[in-house]
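Asker: Have a look at this one before I ask anything.
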Amino acid sequence: MRELSLQTQLLSAWKFRLYLLKNLPMALLAGLKIRSFSDQSASVSVPFGYLTQNPFRSTYFACLAMAGELASGIQVLDAASRSDVKISTLVTGIEGQFFKKATGTTTFSCEDGKAIRKAVFQASKQNDPVTVFTLSKGVDSDGQAIADFTVIWSIKRKSR
């Protein structure tokens, strides 16, 4: 029987919660949710609430960054899980721009699936790490820009 892809597993709400509990418990506490996930893109939301707010009554920047990183990260992990060789992934940089106070649910979308899969494929064929820059754009429920995060991933083939 063929094992389900990471993408298929994470699209199940309860399997995603189990994944977060095991691997990213702070994301579970913050209430992150996958809104969409395909080979091309992924969207992750973070709510505004007691556990995610800052003293200024908006979503704490670290919670926004967590959702922005996860929108690209689930695509990186999915592509790596589909590789024929073991792949190591690491965030080596992150840069954020903030446009508006986040006072409701913010949804981050990353549409860099093609570039991510290409980087994973390249890394699987060589010993040197491959760097890929991903962009996650966060908007509120009205479609107003809240924040953008550029996440820099280092992807490399694991040594044998």
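Naming scheme: A, B, ... for chains in displayed order of the structure tokens; residues 1 onward per chain; ligands 1 onward as shown.
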From a DSSP calculation on the backbone, collect every residue of segment 50-157 of chain A in helix (DSSP H, G or I) and output the set as a PyMOL selection string.

Answerer: chain A and resi 61-81+113-124

Asker: Give me, as a ChimeraX atom specification, all polymer residues having an atom no more than 12 Å from Tyr60 of chain A, counting only C-alpha atoms and skipping those fewer than 6 positions away in the same chain.

Answerer: /A:30,46-54,66-67,98,101-104,106,147

Asker: Residues of the last selection are to be written out with C-alpha atoms, as a PDB file, in the first residue's frame.

Answerer:
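Writing the result to selection.pdb gives the following:
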ATOM      1  CA  ALA A  30      -1.552  29.742  18.515  1.00  0.00           C
ATOM      2  CA  VAL A  46      -3.461  32.681  12.450  1.00  0.00           C
ATOM      3  CA  PRO A  47      -6.278  34.080  14.591  1.00  0.00           C
ATOM      4  CA  PHE A  48      -6.199  37.192  16.735  1.00  0.00           C
ATOM      5  CA  GLY A  49      -6.935  36.136  20.294  1.00  0.00           C
ATOM      6  CA  TYR A  50      -5.748  35.930  23.860  1.00  0.00           C
ATOM      7  CA  LEU A  51      -2.800  33.617  23.089  1.00  0.00           C
ATOM      8  CA  THR A  52      -1.654  35.501  19.968  1.00  0.00           C
ATOM      9  CA  GLN A  53      -2.093  39.132  21.002  1.00  0.00           C
ATOM     10  CA  ASN A  54       0.495  41.679  22.060  1.00  0.00           C
ATOM     11  CA  MET A  66       5.084  31.589  12.439  1.00  0.00           C
ATOM     12  CA  ALA A  67       2.128  31.470  10.032  1.00  0.00           C
ATOM     13  CA  PHE A  98       4.350  45.080   8.228  1.00  0.00           C
ATOM     14  CA  LYS A 101      -2.242  46.281  12.501  1.00  0.00           C
ATOM     15  CA  ALA A 102      -3.506  42.671  12.619  1.00  0.00           C
ATOM     16  CA  THR A 103      -6.725  42.692  14.662  1.00  0.00           C
ATOM     17  CA  GLY A 104      -8.457  39.641  13.186  1.00  0.00           C
ATOM     18  CA  THR A 106      -4.569  36.859   9.117  1.00  0.00           C
ATOM     19  CA  ALA A 147       2.507  41.664   6.421  1.00  0.00           C
TER      20      ALA A 147
END

Asker: If we count only C-alpha atoms, what is near segment 130-134 of chain A at a cut-off of 12 Å, once residues fewer than 5 positions away on the same chain are taken out, given as a PyMOL selection string?

Answerer: chain A and resi 41-42+68-76+87-96+108-125+148-157

Asker: Next, write the just-selected residues to a file, as a compact mmCIF listing (two decimals), in the first residue's frame, keeping N, CA and C atoms as the atom set.

Answerer:
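Contents of part04.txt, freshly written:
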# COMPACT_ATOMS: atom_id res chain seq x y z
N SER A 41 0.90 26.06 -4.17
CA SER A 41 0.76 27.07 -3.12
C SER A 41 0.19 26.48 -1.84
N ALA A 42 0.27 27.30 -0.80
CA ALA A 42 -0.33 26.93 0.49
C ALA A 42 -0.74 28.21 1.20
N GLY A 68 3.49 32.82 8.52
CA GLY A 68 4.15 33.10 7.25
C GLY A 68 5.19 32.05 6.90
N GLU A 69 5.95 31.62 7.88
CA GLU A 69 6.96 30.58 7.66
C GLU A 69 6.31 29.25 7.34
N LEU A 70 5.22 28.92 8.02
CA LEU A 70 4.58 27.63 7.80
C LEU A 70 3.95 27.53 6.41
N ALA A 71 3.50 28.66 5.86
CA ALA A 71 2.92 28.63 4.51
C ALA A 71 3.94 28.16 3.48
N SER A 72 5.20 28.51 3.67
CA SER A 72 6.24 27.99 2.77
C SER A 72 6.79 26.66 3.30
N GLY A 73 6.87 26.53 4.61
CA GLY A 73 7.48 25.36 5.22
C GLY A 73 6.76 24.06 4.92
N ILE A 74 5.43 24.08 4.89
CA ILE A 74 4.73 22.83 4.58
C ILE A 74 4.99 22.41 3.14
N GLN A 75 5.22 23.37 2.26
CA GLN A 75 5.54 23.04 0.87
C GLN A 75 6.96 22.46 0.77
N VAL A 76 7.89 23.04 1.55
CA VAL A 76 9.26 22.53 1.57
C VAL A 76 9.28 21.10 2.11
N ILE A 87 16.38 14.46 2.50
CA ILE A 87 16.65 15.88 2.33
C ILE A 87 16.60 16.57 3.69
N SER A 88 17.55 17.47 3.91
CA SER A 88 17.60 18.28 5.12
C SER A 88 17.15 19.70 4.76
N THR A 89 16.32 20.31 5.61
CA THR A 89 15.84 21.66 5.36
C THR A 89 16.10 22.53 6.58
N LEU A 90 16.37 23.80 6.33
CA LEU A 90 16.67 24.74 7.41
C LEU A 90 16.33 26.15 6.98
N VAL A 91 15.64 26.89 7.85
CA VAL A 91 15.43 28.32 7.61
C VAL A 91 16.73 29.03 7.96
N THR A 92 17.29 29.76 6.99
CA THR A 92 18.55 30.47 7.24
C THR A 92 18.34 31.98 7.32
N GLY A 93 17.14 32.43 7.05
CA GLY A 93 16.85 33.85 7.16
C GLY A 93 15.37 34.12 7.01
N ILE A 94 14.96 35.23 7.61
CA ILE A 94 13.57 35.66 7.46
C ILE A 94 13.54 37.18 7.56
N GLU A 95 12.75 37.78 6.70
CA GLU A 95 12.61 39.23 6.70
C GLU A 95 11.12 39.55 6.61
N GLY A 96 10.68 40.48 7.43
CA GLY A 96 9.26 40.83 7.44
C GLY A 96 9.03 42.30 7.18
N PHE A 108 -1.83 33.82 5.50
CA PHE A 108 -0.61 33.94 4.71
C PHE A 108 -0.64 32.93 3.57
N SER A 109 -0.35 33.41 2.37
CA SER A 109 -0.30 32.56 1.19
C SER A 109 1.09 32.62 0.58
N CYS A 110 1.60 31.45 0.23
CA CYS A 110 2.89 31.33 -0.44
C CYS A 110 2.66 30.55 -1.73
N GLU A 111 3.03 31.15 -2.85
CA GLU A 111 2.80 30.53 -4.16
C GLU A 111 4.10 30.14 -4.84
N ASP A 112 5.06 29.67 -4.05
CA ASP A 112 6.39 29.33 -4.56
C ASP A 112 6.63 27.83 -4.67
N GLY A 113 5.55 27.06 -4.78
CA GLY A 113 5.68 25.60 -4.84
C GLY A 113 6.59 25.11 -5.95
N LYS A 114 6.50 25.73 -7.12
CA LYS A 114 7.33 25.29 -8.25
C LYS A 114 8.81 25.52 -7.95
N ALA A 115 9.16 26.69 -7.42
CA ALA A 115 10.56 26.99 -7.08
C ALA A 115 11.06 26.08 -5.97
N ILE A 116 10.20 25.78 -5.03
CA ILE A 116 10.57 24.89 -3.92
C ILE A 116 10.85 23.48 -4.44
N ARG A 117 9.97 22.96 -5.27
CA ARG A 117 10.18 21.61 -5.81
C ARG A 117 11.45 21.56 -6.66
N LYS A 118 11.71 22.63 -7.41
CA LYS A 118 12.93 22.68 -8.23
C LYS A 118 14.17 22.66 -7.33
N ALA A 119 14.15 23.42 -6.23
CA ALA A 119 15.29 23.46 -5.31
C ALA A 119 15.52 22.10 -4.65
N VAL A 120 14.43 21.43 -4.27
CA VAL A 120 14.56 20.10 -3.66
C VAL A 120 15.14 19.12 -4.67
N PHE A 121 14.67 19.18 -5.91
CA PHE A 121 15.19 18.29 -6.95
C PHE A 121 16.68 18.55 -7.16
N GLN A 122 17.08 19.83 -7.26
CA GLN A 122 18.50 20.18 -7.44
C GLN A 122 19.33 19.65 -6.27
N ALA A 123 18.84 19.86 -5.06
CA ALA A 123 19.57 19.43 -3.87
C ALA A 123 19.73 17.92 -3.84
N SER A 124 18.74 17.20 -4.35
CA SER A 124 18.82 15.74 -4.34
C SER A 124 19.89 15.20 -5.28
N LYS A 125 20.31 16.02 -6.24
CA LYS A 125 21.28 15.59 -7.25
C LYS A 125 22.71 16.06 -6.96
N ASP A 148 4.22 40.87 4.92
CA ASP A 148 4.88 39.97 3.98
C ASP A 148 6.12 39.42 4.68
N PHE A 149 6.38 38.14 4.49
CA PHE A 149 7.60 37.53 5.01
C PHE A 149 8.35 36.84 3.88
N THR A 150 9.62 37.18 3.75
CA THR A 150 10.51 36.46 2.86
C THR A 150 11.27 35.46 3.74
N VAL A 151 11.09 34.19 3.44
CA VAL A 151 11.74 33.13 4.21
C VAL A 151 12.79 32.49 3.31
N ILE A 152 14.01 32.42 3.82
CA ILE A 152 15.12 31.85 3.06
C ILE A 152 15.37 30.44 3.59
N TRP A 153 15.26 29.48 2.68
CA TRP A 153 15.44 28.07 3.02
C TRP A 153 16.75 27.54 2.44
N SER A 154 17.46 26.76 3.23
CA SER A 154 18.61 26.01 2.75
C SER A 154 18.16 24.55 2.67
N ILE A 155 18.33 23.98 1.49
CA ILE A 155 17.88 22.61 1.25
C ILE A 155 19.08 21.81 0.76
N LYS A 156 19.34 20.69 1.42
CA LYS A 156 20.48 19.88 0.97
C LYS A 156 20.22 18.40 1.17
N ARG A 157 20.93 17.66 0.40
CA ARG A 157 20.90 16.21 0.48
C ARG A 157 21.59 15.79 1.76

Asker: Any chance you could list, as a count of residues only, the residues in chain A that come up strand (DSSP E) when DSSP is run on the backbone?

Answerer: 50

Asker: Taking only C-alpha atoms into account, which of A:Leu24, A:Leu11, A:Val139, A:Leu18 comes nearest Ser36 of chain A?

Answerer: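 The shortest atom-to-atom distance to Ser36 of chain A comes from A:Leu11.
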
Asker: For atom CA of Ile146 of chain A and atom CA of Phe99 of chain A, determine how far apart the two atoms are, in Å to one decimal place.

Answerer: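 These two atoms are separated by 5.1 Å.
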
Asker: Restricting the calculation to only C-alpha atoms, which member of A:Leu64, A:Val44, A:Ala79, A:Leu29 is positioned closest to Leu6 of chain A?

Answerer: A:Ala79
